[in-house]
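Q: There's a structure below that I have some questions on.
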Amino acid sequence: MPCHGTDPILGAELADYEIEEILFTEEQIQAKVTELARRISEDYIDRAPFLLIGILKGAFIFLADLARRIDIPMEFDFISLSSYGSSTKTSGVVRIRKDLDSEITGRHVVIVEDIIDTGLTLNYLQRNFAGRGAESVEICALLNKRTENKVHIPIKYEGFSIPDVFVVGYGLDFNERYRNLPYIATIKK
Ligand code: 5GP
């Protein structure tokens with residue numbers, strides 16, 4: 001469904017940004033983030049301070065909102081990966097562009113990811129962190145695509161399940177654009 005009107009943040013015609021359909025509004029996302037933060041706070045109260053690890057760049061907005069609603073002691077770290085895929089699909093061959101700053105041996109870790117497609121990226125990271133001696137590694141992903149041929153990985157904290165479509169906004173980009181949108185939408189190709 002084409003989306004018309006004026007973008008409330010950017011003050012420009014939505015059509016200028018080739019936005020096709022808004023899948024989740026700012027209000028829907030914020031309600032979900034609050035719910036995930038509450039669950040994490042309850043689950044980790046006996047394991048605090050735990051480590052929240054954000055995958056750059058896509059997870060930065062989700063992580064910032066999530067962390068501010070977690071009301072138990074926690075620490076942050078970040079990792080940046082590059083994947084040898086096209087601009088809209090990962091190949092599963094992952095290279096660490098910026099590694100963690102902290103030692104994670106013996107730590108309880110929650111990986112924060114924007115979106116899971118094939119699951120290859122998180123499958124790699126979860127095994128990598130377990131190999132470094134993390135005490136536990138759980139995943140918190142805002143979006144999970146119903147993609148065929150998915151690698152099965154246990155996702156303890158999942159926001160929304162979505163069809164296999166390419167989405168932008170709330171940290172997610174297309175050629176580095178759209179990350180600042182407060183909602184999640186499909187774009188016209
Ligand atoms: P996976 O390894 O699970 O196939 O891919 C995960 C990564 O692919 C995400 O971290 C994200 O960078 C990218 N990705 C997958 N689907 C989308 C999408 O619909 N939109 C955007 N912007 N990135 C995506």
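Labeling convention for the structure tokens: chains A, B, ... as they appear, residues from 1 per chain, ligands from 1 in order of appearance.
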Any residue with an atom at most 9 Å from ligand 1 counts, using only C-alpha atoms and all ligand atoms. Which are they? Put them as number ranges by chain.
A: A: 55-59, 81-83, 85, 87-94, 113-124, 143-145, 147, 150-151, 164-169, 171-176, 178-179, 186
Q: Any chance you could list, as number ranges by chain, the residues in region 17-165 of chain A that come up alpha helix (DSSP H) when DSSP is run on the backbone?
A: A: 26-44, 60-67, 120-131
Q: Residues of region 79-183 of chain A that have any atom at most 10 Å from an atom of region 15-33 of chain A: could you tabulate them with the shortest-distance atom pair and the distance in Å to one decimal, using only C-alpha atoms, ordered by chain and increasing number, as CSV?
A:
```
residue,atom,partner,partner_atom,distance
A:Leu142,CA,A:Val33,CA,8.0
A:Glu158,CA,A:Lys32,CA,9.3
A:Gly159,CA,A:Lys32,CA,6.2
A:Phe160,CA,A:Lys32,CA,8.3
A:Ile162,CA,A:Leu23,CA,8.7
A:Val167,CA,A:Leu23,CA,8.6
A:Val168,CA,A:Ile19,CA,8.8
A:Gly169,CA,A:Ile22,CA,9.5
A:Tyr170,CA,A:Glu26,CA,8.7
A:Arg177,CA,A:Tyr17,CA,9.2
A:Tyr178,CA,A:Tyr17,CA,8.1
A:Leu181,CA,A:Glu26,CA,8.9
A:Pro182,CA,A:Glu26,CA,5.4
A:Tyr183,CA,A:Thr25,CA,4.8
```
Q: Only N, CA, C and O atoms, please: the residues just picked out, written as a PDB file, in the first residue's frame.
A:
```pdb
ATOM      1  N   LEU A 142      14.750  -7.397  17.499  1.00  0.00           N
ATOM      2  CA  LEU A 142      13.481  -6.689  17.326  1.00  0.00           C
ATOM      3  C   LEU A 142      12.625  -7.347  16.249  1.00  0.00           C
ATOM      4  O   LEU A 142      11.430  -7.506  16.418  1.00  0.00           O
ATOM      5  N   GLU A 158      12.140 -11.936  21.285  1.00  0.00           N
ATOM      6  CA  GLU A 158      11.823 -11.559  19.899  1.00  0.00           C
ATOM      7  C   GLU A 158      10.736 -10.489  19.909  1.00  0.00           C
ATOM      8  O   GLU A 158       9.728 -10.623  20.594  1.00  0.00           O
ATOM      9  N   GLY A 159      10.954  -9.433  19.109  1.00  0.00           N
ATOM     10  CA  GLY A 159       9.967  -8.366  19.022  1.00  0.00           C
ATOM     11  C   GLY A 159       8.815  -8.756  18.116  1.00  0.00           C
ATOM     12  O   GLY A 159       7.747  -9.148  18.569  1.00  0.00           O
ATOM     13  N   PHE A 160       9.052  -8.688  16.810  1.00  0.00           N
ATOM     14  CA  PHE A 160       8.008  -8.981  15.827  1.00  0.00           C
ATOM     15  C   PHE A 160       8.510  -9.987  14.803  1.00  0.00           C
ATOM     16  O   PHE A 160       9.668  -9.937  14.400  1.00  0.00           O
ATOM     17  N   ILE A 162       8.178 -11.000  10.914  1.00  0.00           N
ATOM     18  CA  ILE A 162       7.732 -10.308   9.688  1.00  0.00           C
ATOM     19  C   ILE A 162       7.922 -11.206   8.465  1.00  0.00           C
ATOM     20  O   ILE A 162       8.736 -12.121   8.487  1.00  0.00           O
ATOM     21  N   VAL A 167      13.194  -4.266   4.927  1.00  0.00           N
ATOM     22  CA  VAL A 167      12.651  -3.149   5.701  1.00  0.00           C
ATOM     23  C   VAL A 167      13.731  -2.148   6.106  1.00  0.00           C
ATOM     24  O   VAL A 167      14.916  -2.498   6.181  1.00  0.00           O
ATOM     25  N   VAL A 168      13.283  -0.924   6.355  1.00  0.00           N
ATOM     26  CA  VAL A 168      14.190   0.142   6.798  1.00  0.00           C
ATOM     27  C   VAL A 168      13.553   0.874   7.982  1.00  0.00           C
ATOM     28  O   VAL A 168      12.373   0.725   8.263  1.00  0.00           O
ATOM     29  N   GLY A 169      14.372   1.702   8.613  1.00  0.00           N
ATOM     30  CA  GLY A 169      13.894   2.540   9.710  1.00  0.00           C
ATOM     31  C   GLY A 169      14.278   1.979  11.060  1.00  0.00           C
ATOM     32  O   GLY A 169      14.651   0.812  11.189  1.00  0.00           O
ATOM     33  N   TYR A 170      14.229   2.827  12.081  1.00  0.00           N
ATOM     34  CA  TYR A 170      14.547   2.458  13.458  1.00  0.00           C
ATOM     35  C   TYR A 170      15.923   1.752  13.517  1.00  0.00           C
ATOM     36  O   TYR A 170      16.079   0.698  14.091  1.00  0.00           O
ATOM     37  N   ARG A 177      20.823   5.061   4.295  1.00  0.00           N
ATOM     38  CA  ARG A 177      19.716   5.990   4.534  1.00  0.00           C
ATOM     39  C   ARG A 177      18.601   5.318   5.337  1.00  0.00           C
ATOM     40  O   ARG A 177      18.574   4.107   5.458  1.00  0.00           O
ATOM     41  N   TYR A 178      17.717   6.124   5.842  1.00  0.00           N
ATOM     42  CA  TYR A 178      16.488   5.719   6.543  1.00  0.00           C
ATOM     43  C   TYR A 178      16.670   5.275   8.000  1.00  0.00           C
ATOM     44  O   TYR A 178      15.702   4.954   8.664  1.00  0.00           O
ATOM     45  N   LEU A 181      14.462   7.016  10.740  1.00  0.00           N
ATOM     46  CA  LEU A 181      12.995   6.982  10.793  1.00  0.00           C
ATOM     47  C   LEU A 181      12.545   6.318  12.103  1.00  0.00           C
ATOM     48  O   LEU A 181      13.095   5.297  12.499  1.00  0.00           O
ATOM     49  N   PRO A 182      11.535   6.851  12.783  1.00  0.00           N
ATOM     50  CA  PRO A 182      11.109   6.267  14.059  1.00  0.00           C
ATOM     51  C   PRO A 182      10.204   5.047  13.881  1.00  0.00           C
ATOM     52  O   PRO A 182       9.819   4.417  14.857  1.00  0.00           O
ATOM     53  N   TYR A 183       9.844   4.748  12.651  1.00  0.00           N
ATOM     54  CA  TYR A 183       8.993   3.587  12.365  1.00  0.00           C
ATOM     55  C   TYR A 183       9.743   2.616  11.458  1.00  0.00           C
ATOM     56  O   TYR A 183      10.840   2.928  10.963  1.00  0.00           O
TER      57      TYR A 183
END
```
Q: CA of Asn180 (chain A) to CA of Arg95 (chain A): how many Å, to one decimal?
A: 25.5 Å
Q: Output as a ChimeraX atom specification all residues of region 1-188 of chain A that backbone DSSP marks as strand (DSSP E or B).
A: /A:6,13,19-24,50-56,74-83,94-98,108-116,136-145,157-162,167-169,172,174,177,184-187
Q: Smallest atom-to-atom distance to His108 (chain A): which of A:Arg47, A:Arg68, A:Arg146, A:His152, using only C-alpha atoms?
A: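 The shortest atom-to-atom distance to His108 (chain A) comes from A:Arg47.
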Q: What separation in Å, quoted to one decimal, exists between CA of Leu125 (chain A) and CA of Phe60 (chain A)?
A: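 If I compute the distance from CA of Leu125 (chain A) to CA of Phe60 (chain A), I get 17.1 Å.
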Q: For Leu51 (chain A), which of A:Met74, A:Ala134, A:Ile139, A:Ile153 is the closest residue, counting only C-alpha atoms?
A: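 Closest residue, counting only C-alpha atoms: A:Met74.
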